[in-house]
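See below for the structure under consideration.
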Amino acid sequence: MTGPAHCPAPFPPQLQEELDQLFVWRRDVRHFHTEPLPEPVLDHLLRTACMAPSVGLSEPWRFVRVDNPHRRAAIRRNFLHCNALALEGRSGEDAQRYATLKLAGLDDAPHHIAVFCDTNPEQGRGLGRSTMPQTTTWSAVMAIHTLWLAATARGIGVGWVSILDPHEAISTLSINPHWQFLAYLCVGYPAEPSDTPELERRGWERRNPARRRWLHR
Ligand SMILES: Cc1cc2nc3c(=O)[nH]c(=O)nc-3n(C[C@H](O)[C@H](O)[C@H](O)COP(=O)(O)O)c2cc1C
C-alpha cells in the first residue's frame with residue numbers, strides 16, 4: 001500500500017467531517033446482499049486492517065478467510081447451537097424478544113473471515129506485554145475495527161459474530177490451538193444501511209449520551 005509523500009495533517013475540514021460521518025454510519029450488519037466483493041477490494045481491506053497499532057509492533061492479528069462450504073456449515077451449526085443455549089438462559093418476555101433478533105448474517109454474507117490473535121508472537125519481542133499480556137488481544141481487536149471502518153467507507157458491511165464456541169471454531173477451521181479466537185466476521189454489501197444500531201432499531205438497547213461515559217478525577 002503506497003501512501004502520500006507527506007501527511008496532510010491536519011486533514012482538511014471536509015475530510016474531517018466525512019470521517020465523522022464514517023463513524024456515524026459504521027454499523028454491525030446482519031443483512032447482506034449475496035453479491036461477492038471484488039477480490040482487490042477484499043485484499044485492500046485486509047491490508048488496511050494490518051495498519052492498526054499493535055503492542056511492540058507485534059502485529060498479532062491473524063485473518064482466516066473461510067470459503068469451504070463444509071467449514072461454513074459447521075460454523076453455522078456452532079452459531080445455532082450457542083444461540084439456542086443463549087435463548088434457553090432467558091425467560092419470559094426477555095426470551096421472546098431475544099428470539100426475534102437476527103444475530104448473524106452467516107447465510108447471506110458472501111465472505112466469512114475468522115479473526116484470531118497470536119497471543120505470544122515472536123514479533124515485537126515482548127515489548128509492552130510484561131505487565132499487561134492482554135495487549136496482544138487488544139491490538140488484534142484494533143485491526144478488526146480498522147477493517148470495519150475501511151469497509152464502511154466503501155459501502156461494505158461487516159457483522160461481528162461472537163455467539164460461537166471458540167474451541168469448536170478453532171477445531172472447525174484447523175487453527176493452531178494457541179491462537180485466540182476473537183471474531184467471525186460476515187462481510188458483504190449491506191441490505192439496509194442505517195445510521196442507527198440494529199439493536200436500537202429493534203428496541204433491544206439504546207445508545208447513551210457519550211458524556212455519561214466520561215469521568216473526572
Ligand atoms: C466484541 C463484539 C461482539 C459482537 N457480537 C455480535 C454477535 O454475535 N451478533 C451480533 O448480531 N452482533 C454482535 N456484535 C455487534 C453489536 O451488537 C453492535 O456493535 C452493537 O449493537 C452496536 O451496533 P453498531 O455496531 O451497528 O453501532 C458484536 C460487537 C462486538 C464489538
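Chain labels run A, B, ... following the order of the C-alpha cells; each chain numbers its residues from 1, and ligands are numbered from 1 in the order shown.
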
Just the strand (DSSP E or B) stuff from segment 3-201 of chain A, please, per backbone DSSP, written as a JSON list (two decimals) with C-alpha atoms, in the first residue's frame.
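Printed below is selection_13.json as written:
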[["chain", "number", "residue", "atom", "x", "y", "z"],
["A", 28, "ASP", "CA", -22.81, -4.07, 12.65],
["A", 32, "PHE", "CA", -26.39, -8.78, 3.26],
["A", 61, "TRP", "CA", -3.77, -10.40, 14.24],
["A", 62, "ARG", "CA", -4.40, -13.42, 12.04],
["A", 63, "PHE", "CA", -7.19, -13.32, 9.45],
["A", 64, "VAL", "CA", -8.58, -16.57, 8.08],
["A", 65, "ARG", "CA", -10.84, -16.49, 5.06],
["A", 111, "HIS", "CA", -17.37, -13.52, 2.68],
["A", 112, "HIS", "CA", -16.57, -15.06, 6.05],
["A", 113, "ILE", "CA", -13.41, -14.02, 7.87],
["A", 114, "ALA", "CA", -12.38, -15.52, 11.19],
["A", 115, "VAL", "CA", -10.02, -13.40, 13.24],
["A", 116, "PHE", "CA", -7.50, -14.77, 15.70],
["A", 117, "CYS", "CA", -4.81, -13.38, 17.93],
["A", 118, "ASP", "CA", -1.41, -14.97, 18.30],
["A", 157, "GLY", "CA", -20.89, -4.10, 5.68],
["A", 158, "VAL", "CA", -19.23, -6.10, 8.45],
["A", 159, "GLY", "CA", -21.05, -8.16, 11.05],
["A", 160, "TRP", "CA", -19.20, -9.46, 14.10],
["A", 161, "VAL", "CA", -20.43, -12.87, 15.25],
["A", 179, "TRP", "CA", -4.28, -18.76, 18.77],
["A", 180, "GLN", "CA", -7.13, -16.97, 20.49],
["A", 181, "PHE", "CA", -10.40, -16.87, 18.57],
["A", 182, "LEU", "CA", -11.68, -13.28, 18.52],
["A", 183, "ALA", "CA", -14.33, -12.86, 15.89],
["A", 184, "TYR", "CA", -16.13, -14.38, 13.00],
["A", 185, "LEU", "CA", -16.82, -11.59, 10.53],
["A", 186, "CYS", "CA", -19.54, -11.65, 7.90],
["A", 187, "VAL", "CA", -18.59, -9.28, 5.09],
["A", 188, "GLY", "CA", -20.54, -8.06, 2.04],
["A", 190, "PRO", "CA", -25.36, -4.37, 3.38]]

Q) Which residues sit within 7 Å of ligand 1, counting only C-alpha atoms and all ligand atoms, listed as an MDAnalysis selection string? A) chainID A and resid 26:30 102:104 159:163 196:199

Next, the residues of the selection above should be written as a PDB file, in the first residue's frame with C-alpha atoms.
ATOM      1  CA  ARG A  26     -20.413   2.268  10.669  1.00  0.00           C
ATOM      2  CA  ARG A  27     -22.832  -0.496  11.570  1.00  0.00           C
ATOM      3  CA  ASP A  28     -22.807  -4.068  12.647  1.00  0.00           C
ATOM      4  CA  VAL A  29     -24.531  -5.656   9.651  1.00  0.00           C
ATOM      5  CA  ARG A  30     -26.582  -8.874   9.728  1.00  0.00           C
ATOM      6  CA  LYS A 102     -31.163 -11.641  13.982  1.00  0.00           C
ATOM      7  CA  LEU A 103     -27.695 -12.009  15.423  1.00  0.00           C
ATOM      8  CA  ALA A 104     -25.674 -13.152  12.419  1.00  0.00           C
ATOM      9  CA  GLY A 159     -21.054  -8.159  11.055  1.00  0.00           C
ATOM     10  CA  TRP A 160     -19.200  -9.463  14.105  1.00  0.00           C
ATOM     11  CA  VAL A 161     -20.434 -12.870  15.248  1.00  0.00           C
ATOM     12  CA  SER A 162     -19.329 -13.862  18.741  1.00  0.00           C
ATOM     13  CA  ILE A 163     -22.127 -16.282  19.605  1.00  0.00           C
ATOM     14  CA  THR A 196     -28.694   3.583  13.962  1.00  0.00           C
ATOM     15  CA  PRO A 197     -27.583   0.270  15.526  1.00  0.00           C
ATOM     16  CA  GLU A 198     -29.889  -2.607  14.651  1.00  0.00           C
ATOM     17  CA  LEU A 199     -30.355  -3.443  18.353  1.00  0.00           C
TER      18      LEU A 199
END

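Within the 7 Å cut-off around segment 136-147 of chain A, using only C-alpha atoms and omitting residues fewer than 3 positions from it on the same chain, the listed residues are A:Leu45, A:Leu46, A:Thr48, A:Ala49, A:Cys50, A:Ala52, A:Pro53, A:Ser54, A:Val55, A:Pro60, A:Trp61, A:Cys117, A:Thr119, A:Pro133, A:Ala150, A:Ala151.
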
Q: Could you give me, as a PyMOL selection string, the residues within 12 Å of Ala99 of chain A, counting only C-alpha atoms and dropping anything in the same chain fewer than 4 positions from it?
A: chain A and resi 80+83-95+103+202+204

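Reported to one decimal place, the separation of atom CA of Ile156 of chain A from atom CA of Pro36 of chain A is 10.5 Å.
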
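In terms of minimum interatomic distance to Asn120 of chain A, A:Ser58 ranks closest within A:Ser58, A:Ser171, A:Asn68, A:Thr100, counting only C-alpha atoms.
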
Q: For each of A:Asp67, A:Asp20, A:Glu39, A:Glu59, take the minimum atom-to-atom distance to Pro121 of chain A, counting only C-alpha atoms, then give the residue where this is smallest.
A: A:Glu59

Q: Step one, run DSSP on the backbone; step two, keep only residues of chain A assigned to alpha helix (DSSP H); then write them as a ChimeraX atom specification.
A: /A:13-25,39-49,69-88,92-100,135-153,166-172,198-201

Q: Select, from A:Val41, A:Gly124, A:Arg72, A:Arg47, the residue with the minimum atom-to-atom distance to Leu173 of chain A, counting only C-alpha atoms.
A: A:Arg72
